[in-house]
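Trainee: Below is one structure. I have some questions about it.
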Amino acid sequence: MAKRVDRFVIIGGGRVGTAVGNILQRKGEKVTAVASRSDESLKQVAKHIKDIVLTSDVVKAGKKGNVIFITTPDDLIADTCLSLVSGQAVKKGDHLVHMSGALGLDVLEPAEELGAMTASIHPLQTFADVRGAVKAIPGSVFAVTTRDEATQAWAEELVRKLGGDPVPLAEKDKTLYHIGAVVACNLLVALEHAAELVYQEIGMHHERALNALLPLVEGTVGNLKRLGTEKALTGPVARGDIGVLRRHLECLEQEERKELLKVYTSLSMYALDLAEADVSKSRCEEIEELLLHYS
Ligand SMILES: NC(=O)c1ccc[n+]([C@@H]2O[C@H](COP(=O)([O-])OP(=O)(O)OC[C@H]3O[C@@H](n4cnc5c(N)ncnc54)[C@H](OP(=O)(O)O)[C@@H]3O)[C@@H](O)[C@H]2O)c1
């Protein structure tokens, strides 16, 4: 039997879809078509992926390949899959792939019912633009979720082709997995915004505030890399400095700072978990009591 040749189609020519197409093409893979919504995004795709069919017609694009990536916004993946299936752009034996961290394989079920193999490959990384994604996809960890061993092996190979590091993820664990990613990435940005606002309160322009904070963040990330979470923790909780903590909490007690007080007390509880190895049990209990008082 002749070896099957993968012909890749991308539906959703944004940051991730365009970068994936670019990487696959540079690896010598056949990328045949990209469908996207607006002329603007199609023009962007043309800069990064050469000699392909560019169209706003999802079904037309889908018919050009046997491996279809759906890289639209998450909320549109299920409808896009339905359009592909009802337009007969998906056949038995095709592969349908999405790259969402939050969604399971249920959004691709109409294709699975036709005999297509479905996979989710999620890069544990953040991409602000196509160039950044082209650089950062290789080397990223990818969570790979499929429904059977053969598709799992195929999807893991696909991730390696993209330069990624595949890690199997059970479908039932996807939501918790995605919560971990949101906490590590998006909520870190929200935390930096909170710190920026505090510095604005003492008169710093917000850009100056962020520039002042970034070396601290980078230093912390460096410590995390070298030492891990427990040893990277510094500051009043790590030192058991209850006097400093009390001053902070009193300062945050004002009505206009009550949101920050909630964040400060709940994250300090997690920090206390990490400090337990170095701070005496009785001091940890005192700190916990103090934090609970302000929670
Ligand atoms: N960005 C990240 O950091 C990141 C990280 C990991 C995983 N992901 C996942 O990657 C996937 C794509 O995310 P992204 O960041 O690349 O999104 P994005 O940059 O917003 O791109 C989505 C693209 O889909 C197109 N689109 C919208 N509706 C469409 C439709 N009905 N038919 C065809 N194309 C349509 C949009 O076109 P227009 O621009 O013309 O509207 C846009 O080009 C998502 O599942 C996301 O969860 C993203």
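Naming works like this for the structure tokens: A, B, ... for the chains as they're shown, residue 1 at the start of each chain, ligands 1 onward in shown order.
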Enumerate as a PyMOL selection string the residues within 7 Å of ligand 1, counting only C-alpha atoms and all ligand atoms.
Mentor: chain A and resi 11-17+35-41+56+58+71-74+76+80+98-101+122-128
Trainee: Print the selection's residues with C-alpha atoms to a file, as a PDB file, in the first residue's frame.
Mentor:
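That gives us part00.pdb:
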```
ATOM      1  CA  ILE A  11      -8.527  26.988   9.147  1.00  0.00           C
ATOM      2  CA  GLY A  12      -7.910  30.211  11.064  1.00  0.00           C
ATOM      3  CA  GLY A  13      -4.947  32.239   9.822  1.00  0.00           C
ATOM      4  CA  GLY A  14      -4.079  34.009  13.060  1.00  0.00           C
ATOM      5  CA  ARG A  15      -0.974  33.888  15.215  1.00  0.00           C
ATOM      6  CA  VAL A  16      -0.852  30.168  15.888  1.00  0.00           C
ATOM      7  CA  GLY A  17      -2.274  28.835  12.597  1.00  0.00           C
ATOM      8  CA  ALA A  35      -8.838  29.659   5.223  1.00  0.00           C
ATOM      9  CA  SER A  36      -9.351  32.749   7.312  1.00  0.00           C
ATOM     10  CA  ARG A  37     -12.109  35.251   7.898  1.00  0.00           C
ATOM     11  CA  SER A  38     -10.896  38.620   6.620  1.00  0.00           C
ATOM     12  CA  ASP A  39      -8.745  39.763   3.695  1.00  0.00           C
ATOM     13  CA  GLU A  40      -6.445  41.311   6.257  1.00  0.00           C
ATOM     14  CA  SER A  41      -5.630  38.030   7.963  1.00  0.00           C
ATOM     15  CA  SER A  56     -12.335  32.672   3.217  1.00  0.00           C
ATOM     16  CA  VAL A  58     -13.567  26.945   5.014  1.00  0.00           C
ATOM     17  CA  THR A  71      -6.941  27.416  14.742  1.00  0.00           C
ATOM     18  CA  THR A  72      -9.860  29.826  14.933  1.00  0.00           C
ATOM     19  CA  PRO A  73     -10.733  31.390  18.310  1.00  0.00           C
ATOM     20  CA  ASP A  74     -11.808  28.599  20.686  1.00  0.00           C
ATOM     21  CA  LEU A  76     -15.634  28.884  16.852  1.00  0.00           C
ATOM     22  CA  THR A  80     -16.022  25.273  12.111  1.00  0.00           C
ATOM     23  CA  HIS A  98      -7.221  21.823  17.321  1.00  0.00           C
ATOM     24  CA  MET A  99      -4.732  23.684  19.497  1.00  0.00           C
ATOM     25  CA  SER A 100      -6.889  24.932  22.349  1.00  0.00           C
ATOM     26  CA  GLY A 101      -5.752  24.329  25.920  1.00  0.00           C
ATOM     27  CA  HIS A 122      -1.728  22.583  22.945  1.00  0.00           C
ATOM     28  CA  PRO A 123       1.552  24.480  23.175  1.00  0.00           C
ATOM     29  CA  LEU A 124       2.136  25.577  26.765  1.00  0.00           C
ATOM     30  CA  GLN A 125       3.320  28.999  25.643  1.00  0.00           C
ATOM     31  CA  THR A 126       1.970  32.469  24.964  1.00  0.00           C
ATOM     32  CA  PHE A 127       2.146  34.027  21.484  1.00  0.00           C
ATOM     33  CA  ALA A 128       1.493  37.717  20.929  1.00  0.00           C
TER      34      ALA A 128
END
```
Trainee: Give the strand (DSSP E) residues of range 111-222 of chain A, as DSSP finds them on the backbone, and put them as a list of chain:residue names.
Mentor: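 Reading the DSSP output for range 111-222 of chain A, strand (DSSP E) covers A:Met117, A:Thr118, A:Ala119, A:Ser120, A:Ile121, A:His122, A:Pro123, A:Val141, A:Phe142, A:Ala143, A:Val144, A:Thr145, A:Thr146, A:Asp165, A:Pro166, A:Val167, A:Pro168.
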Trainee: Quick check for you: according to DSSP on this backbone, which residues of range 71-286 of chain A are classed as alpha helix (DSSP H)? Reply as a ChimeraX atom specification.
Mentor: /A:77-86,109-113,130-136,149-161,174-184,186-201,206-232,236-239,242-252,258-275,281-286
Trainee: Which residues are close to range 258-267 of chain A, i.e. within 12 Å by only C-alpha atoms, leaving aside same-chain residues fewer than 5 positions away? Reply as a short mmCIF file (atom, residue, chain, number, x, y, z; two decimals) with all heavy atoms, in the first residue's frame.
Mentor:
```cif
data_model
loop_
_atom_site.label_atom_id
_atom_site.label_comp_id
_atom_site.auth_asym_id
_atom_site.auth_seq_id
_atom_site.Cartn_x
_atom_site.Cartn_y
_atom_site.Cartn_z
N VAL A 183 -3.10 30.42 35.46
CA VAL A 183 -2.51 30.96 36.69
C VAL A 183 -1.06 31.37 36.43
O VAL A 183 -0.63 32.47 36.79
CB VAL A 183 -2.59 29.92 37.85
CG1 VAL A 183 -1.77 30.37 39.05
CG2 VAL A 183 -4.05 29.69 38.25
N LEU A 187 -2.59 35.21 34.85
CA LEU A 187 -2.75 35.85 36.16
C LEU A 187 -1.45 36.51 36.62
O LEU A 187 -1.49 37.46 37.40
CB LEU A 187 -3.29 34.86 37.18
CG LEU A 187 -4.67 34.27 36.84
CD1 LEU A 187 -5.24 33.50 38.02
CD2 LEU A 187 -5.67 35.35 36.40
N LEU A 188 -0.33 36.04 36.10
CA LEU A 188 0.94 36.73 36.38
C LEU A 188 0.89 38.14 35.79
O LEU A 188 1.30 39.11 36.42
CB LEU A 188 2.11 35.94 35.79
CG LEU A 188 3.48 36.59 35.90
CD1 LEU A 188 3.88 36.74 37.36
CD2 LEU A 188 4.53 35.78 35.16
N ALA A 190 -1.84 39.83 35.26
CA ALA A 190 -2.77 40.59 36.10
C ALA A 190 -2.08 41.04 37.39
O ALA A 190 -2.29 42.17 37.87
CB ALA A 190 -3.99 39.73 36.42
N LEU A 191 -1.22 40.19 37.93
CA LEU A 191 -0.49 40.57 39.16
C LEU A 191 0.45 41.74 38.90
O LEU A 191 0.57 42.66 39.73
CB LEU A 191 0.35 39.39 39.63
CG LEU A 191 -0.26 38.45 40.66
CD1 LEU A 191 0.78 37.44 41.09
CD2 LEU A 191 -0.77 39.21 41.87
N GLU A 192 1.13 41.70 37.75
CA GLU A 192 2.04 42.81 37.42
C GLU A 192 1.24 44.10 37.25
O GLU A 192 1.70 45.18 37.62
CB GLU A 192 2.85 42.50 36.16
CG GLU A 192 3.80 41.33 36.32
CD GLU A 192 4.50 41.28 37.65
OE1 GLU A 192 5.04 42.32 38.10
OE2 GLU A 192 4.51 40.21 38.29
N HIS A 193 0.04 43.98 36.71
CA HIS A 193 -0.82 45.15 36.58
C HIS A 193 -1.18 45.70 37.98
O HIS A 193 -1.15 46.91 38.20
CB HIS A 193 -2.09 44.78 35.80
CG HIS A 193 -3.07 45.88 35.65
ND1 HIS A 193 -2.74 47.09 35.08
CD2 HIS A 193 -4.37 45.98 36.01
CE1 HIS A 193 -3.80 47.88 35.10
NE2 HIS A 193 -4.80 47.23 35.66
N ALA A 194 -1.46 44.80 38.90
CA ALA A 194 -1.78 45.23 40.27
C ALA A 194 -0.59 45.97 40.88
O ALA A 194 -0.75 47.03 41.51
CB ALA A 194 -2.16 44.02 41.12
N ALA A 195 0.62 45.43 40.65
CA ALA A 195 1.82 46.08 41.20
C ALA A 195 2.03 47.45 40.54
O ALA A 195 2.40 48.43 41.20
CB ALA A 195 3.04 45.20 40.98
N GLU A 196 1.76 47.51 39.22
CA GLU A 196 1.86 48.78 38.48
C GLU A 196 0.94 49.84 39.10
O GLU A 196 1.34 50.99 39.29
CB GLU A 196 1.35 48.50 37.06
CG GLU A 196 2.22 48.92 35.93
CD GLU A 196 1.55 48.52 34.61
OE1 GLU A 196 0.31 48.63 34.46
OE2 GLU A 196 2.28 48.10 33.74
N LEU A 197 -0.28 49.42 39.44
CA LEU A 197 -1.24 50.38 40.02
C LEU A 197 -0.77 50.88 41.38
O LEU A 197 -0.94 52.05 41.71
CB LEU A 197 -2.63 49.71 40.15
CG LEU A 197 -3.36 49.43 38.84
CD1 LEU A 197 -4.68 48.72 39.09
CD2 LEU A 197 -3.61 50.73 38.06
N VAL A 198 -0.16 49.98 42.15
CA VAL A 198 0.36 50.40 43.45
C VAL A 198 1.44 51.47 43.25
O VAL A 198 1.46 52.50 43.93
CB VAL A 198 0.95 49.19 44.22
CG1 VAL A 198 1.73 49.64 45.44
CG2 VAL A 198 -0.16 48.22 44.63
N VAL A 237 7.03 36.57 54.02
CA VAL A 237 6.52 35.25 54.43
C VAL A 237 7.68 34.26 54.54
O VAL A 237 7.79 33.50 55.51
CB VAL A 237 5.44 34.73 53.44
CG1 VAL A 237 5.03 33.30 53.78
CG2 VAL A 237 4.21 35.63 53.45
N LEU A 245 4.50 41.93 57.59
CA LEU A 245 3.21 41.49 57.03
C LEU A 245 2.06 42.28 57.64
O LEU A 245 1.14 42.71 56.94
CB LEU A 245 3.00 40.00 57.33
CG LEU A 245 3.70 39.04 56.38
CD1 LEU A 245 3.59 37.61 56.88
CD2 LEU A 245 3.06 39.14 54.98
N ARG A 246 2.13 42.49 58.96
CA ARG A 246 1.04 43.22 59.64
C ARG A 246 0.93 44.64 59.07
O ARG A 246 -0.15 45.13 58.80
CB ARG A 246 1.29 43.24 61.15
CG ARG A 246 0.08 43.71 61.93
CD ARG A 246 0.22 43.54 63.43
NE ARG A 246 0.12 42.16 63.86
CZ ARG A 246 1.09 41.47 64.44
NH1 ARG A 246 2.27 42.04 64.64
NH2 ARG A 246 0.92 40.22 64.80
N HIS A 248 1.82 45.66 56.08
CA HIS A 248 1.25 45.58 54.72
C HIS A 248 -0.26 45.43 54.79
O HIS A 248 -1.01 46.11 54.08
CB HIS A 248 1.84 44.38 53.96
CG HIS A 248 3.26 44.57 53.53
ND1 HIS A 248 3.94 43.63 52.79
CD2 HIS A 248 4.13 45.60 53.72
CE1 HIS A 248 5.17 44.06 52.55
NE2 HIS A 248 5.30 45.26 53.11
N LEU A 249 -0.70 44.53 55.65
CA LEU A 249 -2.14 44.22 55.70
C LEU A 249 -2.93 45.44 56.22
O LEU A 249 -4.02 45.74 55.72
CB LEU A 249 -2.39 42.98 56.56
CG LEU A 249 -1.81 41.69 55.94
CD1 LEU A 249 -1.71 40.57 56.96
CD2 LEU A 249 -2.64 41.25 54.75
N GLU A 250 -2.35 46.14 57.20
CA GLU A 250 -3.03 47.35 57.71
C GLU A 250 -3.15 48.40 56.62
O GLU A 250 -4.16 49.07 56.47
CB GLU A 250 -2.25 47.93 58.92
CG GLU A 250 -2.47 47.14 60.19
CD GLU A 250 -1.46 47.49 61.29
OE1 GLU A 250 -0.63 48.41 61.09
OE2 GLU A 250 -1.49 46.80 62.32
N CYS A 251 -2.09 48.51 55.81
CA CYS A 251 -2.08 49.50 54.72
C CYS A 251 -3.12 49.13 53.64
O CYS A 251 -3.71 50.01 53.01
CB CYS A 251 -0.67 49.54 54.14
SG CYS A 251 -0.50 50.52 52.68
N LEU A 252 -3.34 47.84 53.46
CA LEU A 252 -4.27 47.40 52.41
C LEU A 252 -5.72 47.36 52.88
O LEU A 252 -6.62 47.09 52.09
CB LEU A 252 -3.87 45.99 51.91
CG LEU A 252 -2.59 45.91 51.10
CD1 LEU A 252 -2.20 44.45 50.84
CD2 LEU A 252 -2.75 46.64 49.76
N GLU A 253 -5.92 47.65 54.18
CA GLU A 253 -7.26 47.52 54.75
C GLU A 253 -8.24 48.58 54.23
O GLU A 253 -9.45 48.40 54.32
CB GLU A 253 -7.15 47.61 56.27
CG GLU A 253 -7.97 46.59 56.99
CD GLU A 253 -7.90 46.79 58.49
OE1 GLU A 253 -7.08 47.61 58.98
OE2 GLU A 253 -8.71 46.15 59.18
N LEU A 272 3.00 30.74 52.20
CA LEU A 272 3.22 30.13 53.52
C LEU A 272 3.47 28.61 53.38
O LEU A 272 4.31 28.05 54.07
CB LEU A 272 2.01 30.41 54.41
CG LEU A 272 2.17 30.16 55.90
CD1 LEU A 272 3.34 30.94 56.49
CD2 LEU A 272 0.88 30.52 56.65
N ASP A 273 2.74 27.99 52.48
CA ASP A 273 2.96 26.57 52.16
C ASP A 273 4.42 26.31 51.82
O ASP A 273 5.00 25.32 52.24
CB ASP A 273 2.19 26.23 50.86
CG ASP A 273 0.95 25.43 51.13
OD1 ASP A 273 0.64 25.21 52.31
OD2 ASP A 273 0.29 25.06 50.14
N LEU A 274 4.98 27.24 51.01
CA LEU A 274 6.36 27.07 50.55
C LEU A 274 7.36 27.37 51.66
O LEU A 274 8.47 26.85 51.66
CB LEU A 274 6.64 28.02 49.37
CG LEU A 274 5.93 27.73 48.06
CD1 LEU A 274 6.18 28.87 47.07
CD2 LEU A 274 6.45 26.43 47.46
N ILE A 287 1.34 33.50 61.43
CA ILE A 287 1.14 34.17 60.13
C ILE A 287 -0.21 33.76 59.54
O ILE A 287 -0.98 34.58 59.05
CB ILE A 287 2.30 33.85 59.15
CG1 ILE A 287 3.59 34.48 59.64
CG2 ILE A 287 1.99 34.33 57.74
CD1 ILE A 287 4.83 34.17 58.81
N GLU A 288 -0.51 32.47 59.66
CA GLU A 288 -1.78 31.99 59.11
C GLU A 288 -2.95 32.69 59.79
O GLU A 288 -3.90 33.14 59.14
CB GLU A 288 -1.87 30.47 59.29
CG GLU A 288 -3.09 29.90 58.59
CD GLU A 288 -3.16 28.39 58.63
OE1 GLU A 288 -2.27 27.74 59.22
OE2 GLU A 288 -4.12 27.87 58.06
N GLU A 289 -2.85 32.81 61.11
CA GLU A 289 -3.92 33.46 61.89
C GLU A 289 -4.10 34.91 61.44
O GLU A 289 -5.21 35.40 61.22
CB GLU A 289 -3.56 33.39 63.37
CG GLU A 289 -4.76 33.48 64.29
CD GLU A 289 -4.30 33.34 65.74
OE1 GLU A 289 -3.63 32.33 66.06
OE2 GLU A 289 -4.58 34.26 66.52
N LEU A 290 -2.95 35.59 61.27
CA LEU A 290 -2.98 37.00 60.83
C LEU A 290 -3.64 37.11 59.45
O LEU A 290 -4.51 37.96 59.21
CB LEU A 290 -1.55 37.54 60.78
CG LEU A 290 -1.40 38.98 60.32
CD1 LEU A 290 -1.95 39.95 61.37
CD2 LEU A 290 0.08 39.30 60.04
N LEU A 291 -3.23 36.22 58.54
CA LEU A 291 -3.78 36.28 57.16
C LEU A 291 -5.28 35.99 57.19
O LEU A 291 -6.06 36.65 56.48
CB LEU A 291 -3.05 35.29 56.25
CG LEU A 291 -1.59 35.60 55.95
CD1 LEU A 291 -0.91 34.44 55.21
CD2 LEU A 291 -1.46 36.89 55.11
N LEU A 292 -5.68 35.01 58.00
CA LEU A 292 -7.11 34.68 58.06
C LEU A 292 -7.91 35.85 58.62
O LEU A 292 -9.02 36.14 58.16
CB LEU A 292 -7.34 33.44 58.95
CG LEU A 292 -6.94 32.11 58.31
CD1 LEU A 292 -7.02 30.96 59.30
CD2 LEU A 292 -7.81 31.82 57.09
N HIS A 293 -7.31 36.58 59.57
CA HIS A 293 -7.99 37.74 60.15
C HIS A 293 -8.32 38.78 59.07
O HIS A 293 -9.35 39.43 59.12
CB HIS A 293 -7.10 38.35 61.24
CG HIS A 293 -7.64 39.63 61.78
ND1 HIS A 293 -8.70 39.67 62.68
CD2 HIS A 293 -7.31 40.93 61.54
CE1 HIS A 293 -8.99 40.94 62.95
NE2 HIS A 293 -8.16 41.73 62.28
N TYR A 294 -7.42 38.92 58.09
CA TYR A 294 -7.63 39.95 57.04
C TYR A 294 -8.32 39.38 55.79
O TYR A 294 -8.57 40.11 54.85
CB TYR A 294 -6.28 40.57 56.65
CG TYR A 294 -5.80 41.59 57.67
CD1 TYR A 294 -4.97 41.22 58.71
CD2 TYR A 294 -6.21 42.93 57.58
CE1 TYR A 294 -4.54 42.14 59.65
CE2 TYR A 294 -5.78 43.86 58.51
CZ TYR A 294 -4.96 43.46 59.54
OH TYR A 294 -4.54 44.39 60.46
N SER A 295 -8.60 38.05 55.78
CA SER A 295 -9.18 37.45 54.56
C SER A 295 -10.68 37.74 54.45
O SER A 295 -11.36 37.86 55.42
CB SER A 295 -8.99 35.94 54.56
OG SER A 295 -7.62 35.67 54.51
#
```
Trainee: Near range 61-65 of chain A, within 7 Å and counting only C-alpha atoms, which residues show up once chain neighbours fewer than 4 positions away are dropped, as a list in words?
Mentor: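 Contacts, in chain order: Arg7, Phe8, Val9, Thr32, Ala33, Val34, Ala35, Thr55, Asp57, Leu84 and Ala89 of chain A.
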Trainee: Residues near Glu156 in chain A, anyone? I mean within 9 Å using only C-alpha atoms, not counting same-chain ones fewer than 4 positions away, as number ranges by chain.
Mentor: A: 121, 142, 144, 151-152, 160-161, 164-168
Trainee: Those same residues, written as a compact mmCIF listing (two decimals), in the first residue's frame with N, CA, C and O atoms?
Mentor:
```txt
# COMPACT_ATOMS: atom_id res chain seq x y z
N ILE A 121 -3.56 19.43 20.25
CA ILE A 121 -2.14 19.61 20.62
C ILE A 121 -2.01 21.06 21.10
O ILE A 121 -2.19 22.00 20.34
N PHE A 142 4.05 20.57 24.53
CA PHE A 142 2.70 20.47 23.97
C PHE A 142 1.92 19.40 24.72
O PHE A 142 2.39 18.25 24.80
N VAL A 144 -0.80 16.74 24.55
CA VAL A 144 -1.40 16.01 23.42
C VAL A 144 -2.53 15.11 23.91
O VAL A 144 -2.32 14.24 24.76
N THR A 151 -3.50 7.31 17.01
CA THR A 151 -3.60 8.77 16.80
C THR A 151 -2.68 9.51 17.76
O THR A 151 -2.08 10.53 17.39
N GLN A 152 -2.53 8.97 18.98
CA GLN A 152 -1.61 9.61 19.95
C GLN A 152 -0.19 9.61 19.38
O GLN A 152 0.49 10.65 19.38
N ARG A 160 6.56 16.79 17.37
CA ARG A 160 8.03 16.77 17.18
C ARG A 160 8.42 17.47 15.88
O ARG A 160 9.41 18.17 15.81
N LYS A 161 7.57 17.28 14.86
CA LYS A 161 7.84 17.93 13.57
C LYS A 161 7.85 19.46 13.76
O LYS A 161 8.60 20.18 13.11
N GLY A 164 8.31 20.72 18.94
CA GLY A 164 7.79 20.75 20.31
C GLY A 164 8.12 19.48 21.07
O GLY A 164 8.64 18.51 20.52
N ASP A 165 7.78 19.51 22.36
CA ASP A 165 8.05 18.41 23.27
C ASP A 165 6.69 17.87 23.74
O ASP A 165 6.05 18.48 24.60
N PRO A 166 6.23 16.73 23.17
CA PRO A 166 4.88 16.26 23.48
C PRO A 166 4.75 15.63 24.86
O PRO A 166 5.62 14.88 25.29
N VAL A 167 3.64 15.95 25.53
CA VAL A 167 3.32 15.33 26.83
C VAL A 167 1.86 14.86 26.74
O VAL A 167 0.99 15.67 26.42
N PRO A 168 1.59 13.57 26.99
CA PRO A 168 0.20 13.11 26.90
C PRO A 168 -0.66 13.74 27.99
O PRO A 168 -0.21 13.93 29.12
```
Trainee: Which neighbours of His95 in chain A fall inside 7 Å, counting only C-alpha atoms, when residues of the same chain fewer than 4 positions from it are skipped, and could you give them as number ranges by chain?
Mentor: A: 66-68, 116-118
Trainee: Kindly indicate which residue among A:Thr220, A:Pro236, A:Asn186, A:Ala102 lies nearest to Asp173 in chain A, using only C-alpha atoms for the distances.
Mentor: A:Ala102
Trainee: I'd like to know which of A:Val189, A:Val217, A:Gln88, A:Ala184 is closest to Ala232 in chain A, using only C-alpha atoms.
Mentor: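 When distances to Ala232 in chain A are compared using only C-alpha atoms, the smallest one comes from A:Val217.
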Trainee: Find, counting only C-alpha atoms, the residue in A:Gly240, A:Gly180, A:Pro215, A:Gly28 that gets nearest to Ser268 in chain A.
Mentor: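 Of A:Gly240, A:Gly180, A:Pro215, A:Gly28, the one nearest Ser268 in chain A, counting only C-alpha atoms, is A:Gly240.
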Trainee: Here is a test: counting only C-alpha atoms, which residue of A:Met204, A:Leu96, A:Ala19, A:Ile10 is nearest to Asp129 in chain A?
Mentor: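 Closest to Asp129 in chain A, using only C-alpha atoms: A:Ala19.
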Trainee: Find the residues near Arg26 in chain A: any atom within 12 Å, counting only C-alpha atoms, skip ones fewer than 2 places away on the same chain, and give them as a PyMOL selection string.
Mentor: chain A and resi 19-24+28-31+48-50+134+161-163
